[in-house]
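Undergrad: Next up, input-v3.pdb (PDB, C-alpha atoms).
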```
MODEL        1
ATOM      1  CA  MET A   1     -32.357  21.838  74.848
ATOM      2  CA  PRO A   2     -29.332  21.741  77.193
ATOM      3  CA  VAL A   3     -26.217  23.597  76.040
ATOM      4  CA  GLU A   4     -22.683  22.702  77.025
ATOM      5  CA  LEU A   5     -20.508  25.811  76.829
ATOM      6  CA  THR A   6     -16.798  25.061  76.396
ATOM      7  CA  ILE A   7     -14.169  27.800  76.691
ATOM      8  CA  ASP A   8     -10.522  26.934  76.026
ATOM      9  CA  SER A   9      -8.551  29.567  77.930
ATOM     10  CA  LYS A  10      -4.954  29.973  76.777
ATOM     11  CA  VAL A  11      -3.859  32.511  79.424
ATOM     12  CA  PRO A  12      -4.412  32.770  83.178
ATOM     13  CA  LEU A  13      -7.160  35.235  84.138
ATOM     14  CA  SER A  14      -7.190  37.044  87.461
ATOM     15  CA  GLY A  15      -9.408  39.266  89.539
ATOM     16  CA  CYS A  16     -13.027  39.561  88.436
ATOM     17  CA  MET A  17     -12.172  38.009  85.041
ATOM     18  CA  SER A  18     -11.327  34.684  86.695
ATOM     19  CA  VAL A  19     -15.061  33.905  86.963
ATOM     20  CA  TRP A  20     -17.373  34.311  83.972
ATOM     21  CA  VAL A  21     -21.125  34.543  84.569
ATOM     22  CA  ILE A  22     -24.303  34.126  82.521
ATOM     23  CA  PRO A  23     -26.487  36.285  84.792
ATOM     24  CA  GLN A  24     -29.799  35.405  83.119
ATOM     25  CA  TYR A  25     -29.373  31.732  84.098
ATOM     26  CA  ASN A  26     -27.297  32.015  87.303
ATOM     27  CA  VAL A  27     -24.408  30.153  85.653
ATOM     28  CA  THR A  28     -20.835  30.697  86.839
ATOM     29  CA  VAL A  29     -17.716  29.425  85.092
ATOM     30  CA  PRO A  30     -14.520  29.534  87.190
ATOM     31  CA  MET A  31     -11.844  30.154  84.535
ATOM     32  CA  LYS A  32      -8.551  28.300  84.615
ATOM     33  CA  VAL A  33      -5.996  27.742  81.855
ATOM     34  CA  GLY A  34      -7.317  24.963  79.635
ATOM     35  CA  ILE A  35     -10.839  23.679  79.097
ATOM     36  CA  ASN A  36     -13.653  25.272  81.135
ATOM     37  CA  LYS A  37     -17.209  23.938  80.828
ATOM     38  CA  ALA A  38     -20.684  24.894  81.963
ATOM     39  CA  THR A  39     -24.061  23.353  81.133
ATOM     40  CA  PHE A  40     -27.363  25.221  81.146
ATOM     41  CA  THR A  41     -30.734  25.105  79.399
ATOM     42  CA  PRO A  42     -31.841  28.326  77.673
ATOM     43  CA  THR A  43     -35.575  28.956  77.908
ATOM     44  CA  GLU A  44     -35.839  31.688  75.264
ATOM     45  CA  THR A  45     -34.109  32.874  72.113
ATOM     46  CA  GLY A  46     -31.941  35.983  71.954
ATOM     47  CA  VAL A  47     -28.507  37.189  72.969
ATOM     48  CA  LEU A  48     -27.064  36.127  76.333
ATOM     49  CA  ALA A  49     -24.272  38.149  77.888
ATOM     50  CA  LEU A  50     -21.242  36.486  79.455
ATOM     51  CA  THR A  51     -19.856  38.847  82.072
ATOM     52  CA  CYS A  52     -17.030  38.948  84.562
ATOM     53  CA  SER A  53     -18.013  38.474  88.202
ATOM     54  CA  MET A  54     -18.492  42.265  88.503
ATOM     55  CA  GLY A  55     -20.892  42.446  85.551
ATOM     56  CA  SER A  56     -18.707  43.762  82.698
ATOM     57  CA  ARG A  57     -19.564  42.106  79.379
ATOM     58  CA  MET A  58     -16.850  39.693  78.206
ATOM     59  CA  ALA A  59     -18.656  37.867  75.370
ATOM     60  CA  GLN A  60     -22.110  36.940  74.150
ATOM     61  CA  ILE A  61     -23.985  33.860  72.962
ATOM     62  CA  GLU A  62     -26.867  33.924  70.501
ATOM     63  CA  VAL A  63     -29.637  31.404  71.228
ATOM     64  CA  THR A  64     -31.710  30.449  68.175
ATOM     65  CA  ASP A  65     -34.489  27.950  67.588
TER      66      ASP A  65
ENDMDL
END
```
Represent the structure from my file as structure tokens, please.
TA:
Amino acid sequence: MPVELTIDSKVPLSGCMSVWVIPQYNVTVPMKVGINKATFTPTETGVLALTCSMGSRMAQIEVTD
């Protein structure tokens, strides 16, 4: 099932934090102040890491049935 990820950023991010990545699905989210969206379709359950563009973990998403 497709997922629409919405991140409401309240502060400007710079450097490697200005792009968030879901490496497992090759998804990139250029972060700006305000609403940032990405759509992807998970193919398995588990925890997905959201990283900065250099690979440091910023957040995670849990995919369930």
Undergrad: Find the residues near Cys52 in chain A: any atom within 7 Å, counting all atoms listed in the file, skip ones fewer than 6 places away on the same chain, and give them as a PyMOL selection string.
TA: chain A and resi 16-17+19-21+58
Undergrad: Taking all atoms listed in the file into account, name the residue in A:Leu5, A:Val11, A:Val63, A:Val47 that is nearest to Thr28 in chain A.
TA: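 Residue with the minimum atom-to-atom distance to Thr28 in chain A: A:Leu5.
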Undergrad: Nearest to Asp8 in chain A: which of A:Ser53, A:Asn36, A:Thr41, A:Thr64 is it, counting only C-alpha atoms?
TA: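 Selected residue with least distance to Asp8 in chain A: A:Asn36.
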Undergrad: CA of Lys37 in chain A to CA of Ser56 in chain A: how many Å, to one decimal?
TA: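 So the answer is 20.0 Å.
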Undergrad: Which distance in Å separates CA of Gly55 in chain A and CA of Gln24 in chain A, to one decimal?
TA: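 CA of Gln24 in chain A lies 11.6 Å from CA of Gly55 in chain A.
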Undergrad: Just give me the gap between CA of Thr43 in chain A and CA of Thr6 in chain A in Å, one decimal is fine.
TA: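 CA of Thr6 in chain A lies 19.2 Å from CA of Thr43 in chain A.
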Undergrad: Taking every listed atom of range 50-53 of chain A and adding 4 Å to each side, what centre and edge lengths in Å (one decimal) does the axis-aligned box have, as JSON?
TA:
```
{"center_x": -19.1, "center_y": 37.7, "center_z": 83.8, "size_x": 12.2, "size_y": 10.5, "size_z": 16.7}
```
Undergrad: Looking at only C-alpha atoms, which of A:Gly15, A:Ile22, A:Ser9, A:Arg57 is the one that sits closest to Ile35 in chain A?
TA: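 Among A:Gly15, A:Ile22, A:Ser9, A:Arg57, it is A:Ser9 that comes nearest to Ile35 in chain A.
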Undergrad: Find the residues around Lys32 in chain A up to 8 Å (all atoms listed in the file counted), leave out those fewer than 5 positions away in its own chain, and share them as a list in words.
TA: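 The contact residues come out as Ser9, Pro12, Leu13 and Ser18 of chain A.
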Undergrad: Restricting it to C-alpha atoms, dump the selection as a CSV table (one decimal), in the coordinates of the input.
TA:
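File produced: again-v2.csv:
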```
chain,number,residue,atom,x,y,z
A,9,SER,CA,-8.6,29.6,77.9
A,12,PRO,CA,-4.4,32.8,83.2
A,13,LEU,CA,-7.2,35.2,84.1
A,18,SER,CA,-11.3,34.7,86.7
```
Undergrad: Measuring atom to atom with all atoms listed in the file, identify which of A:Thr45, A:Thr39, A:Gln60, A:Ser14 is nearest to Val27 in chain A.
TA: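 Under the stated criterion, the closest residue is A:Thr39.
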Undergrad: Rank A:Met54, A:Leu48, A:Ile7, A:Met1 by their smallest atom-to-atom distance to Met31 in chain A, using only C-alpha atoms, and report the top residue only.
TA: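 Checking each candidate against Met31 in chain A, we get A:Ile7 as the closest.
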Undergrad: Could you check which of A:Ala38, A:Gly46, A:Glu62, A:Val29 is closest to Pro2 in chain A, using only C-alpha atoms?
TA: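 Once distances to Pro2 in chain A are computed over only C-alpha atoms, the minimum belongs to A:Ala38.
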Undergrad: Can you take the partial range 9-24 of chain A, add N, CA and C atoms, and return it as a PDB file, keeping the file's coordinate frame?
TA:
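What ended up in out-v3.pdb:
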```pdb
ATOM      1  N   SER A   9      -9.332  28.400  77.535  1.00  0.00           N
ATOM      2  CA  SER A   9      -8.551  29.567  77.930  1.00  0.00           C
ATOM      3  C   SER A   9      -7.070  29.283  77.763  1.00  0.00           C
ATOM      4  N   LYS A  10      -6.381  30.160  77.056  1.00  0.00           N
ATOM      5  CA  LYS A  10      -4.954  29.973  76.777  1.00  0.00           C
ATOM      6  C   LYS A  10      -4.056  30.754  77.736  1.00  0.00           C
ATOM      7  N   VAL A  11      -4.650  31.692  78.497  1.00  0.00           N
ATOM      8  CA  VAL A  11      -3.859  32.511  79.424  1.00  0.00           C
ATOM      9  C   VAL A  11      -4.542  32.535  80.787  1.00  0.00           C
ATOM     10  N   PRO A  12      -3.778  32.678  81.867  1.00  0.00           N
ATOM     11  CA  PRO A  12      -4.412  32.770  83.178  1.00  0.00           C
ATOM     12  C   PRO A  12      -5.160  34.098  83.317  1.00  0.00           C
ATOM     13  N   LEU A  13      -6.366  34.044  83.873  1.00  0.00           N
ATOM     14  CA  LEU A  13      -7.160  35.235  84.138  1.00  0.00           C
ATOM     15  C   LEU A  13      -7.174  35.480  85.636  1.00  0.00           C
ATOM     16  N   SER A  14      -7.207  36.738  86.034  1.00  0.00           N
ATOM     17  CA  SER A  14      -7.190  37.044  87.461  1.00  0.00           C
ATOM     18  C   SER A  14      -8.268  38.058  87.795  1.00  0.00           C
ATOM     19  N   GLY A  15      -8.414  38.304  89.079  1.00  0.00           N
ATOM     20  CA  GLY A  15      -9.408  39.266  89.539  1.00  0.00           C
ATOM     21  C   GLY A  15     -10.809  38.864  89.123  1.00  0.00           C
ATOM     22  N   CYS A  16     -11.632  39.845  88.776  1.00  0.00           N
ATOM     23  CA  CYS A  16     -13.027  39.561  88.436  1.00  0.00           C
ATOM     24  C   CYS A  16     -13.146  38.759  87.149  1.00  0.00           C
ATOM     25  N   MET A  17     -12.109  38.768  86.293  1.00  0.00           N
ATOM     26  CA  MET A  17     -12.172  38.009  85.041  1.00  0.00           C
ATOM     27  C   MET A  17     -11.934  36.522  85.244  1.00  0.00           C
ATOM     28  N   SER A  18     -11.580  36.100  86.446  1.00  0.00           N
ATOM     29  CA  SER A  18     -11.327  34.684  86.695  1.00  0.00           C
ATOM     30  C   SER A  18     -12.616  33.886  86.879  1.00  0.00           C
ATOM     31  N   VAL A  19     -13.751  34.576  86.922  1.00  0.00           N
ATOM     32  CA  VAL A  19     -15.061  33.905  86.963  1.00  0.00           C
ATOM     33  C   VAL A  19     -15.956  34.579  85.938  1.00  0.00           C
ATOM     34  N   TRP A  20     -16.430  33.798  84.961  1.00  0.00           N
ATOM     35  CA  TRP A  20     -17.373  34.311  83.972  1.00  0.00           C
ATOM     36  C   TRP A  20     -18.773  33.905  84.404  1.00  0.00           C
ATOM     37  N   VAL A  21     -19.753  34.734  84.090  1.00  0.00           N
ATOM     38  CA  VAL A  21     -21.125  34.543  84.569  1.00  0.00           C
ATOM     39  C   VAL A  21     -22.103  34.717  83.413  1.00  0.00           C
ATOM     40  N   ILE A  22     -23.146  33.890  83.384  1.00  0.00           N
ATOM     41  CA  ILE A  22     -24.303  34.126  82.521  1.00  0.00           C
ATOM     42  C   ILE A  22     -25.420  34.518  83.480  1.00  0.00           C
ATOM     43  N   PRO A  23     -25.577  35.826  83.741  1.00  0.00           N
ATOM     44  CA  PRO A  23     -26.487  36.285  84.792  1.00  0.00           C
ATOM     45  C   PRO A  23     -27.934  35.812  84.612  1.00  0.00           C
ATOM     46  N   GLN A  24     -28.404  35.766  83.381  1.00  0.00           N
ATOM     47  CA  GLN A  24     -29.799  35.405  83.119  1.00  0.00           C
ATOM     48  C   GLN A  24     -30.138  33.999  83.613  1.00  0.00           C
TER      49      GLN A  24
END
```
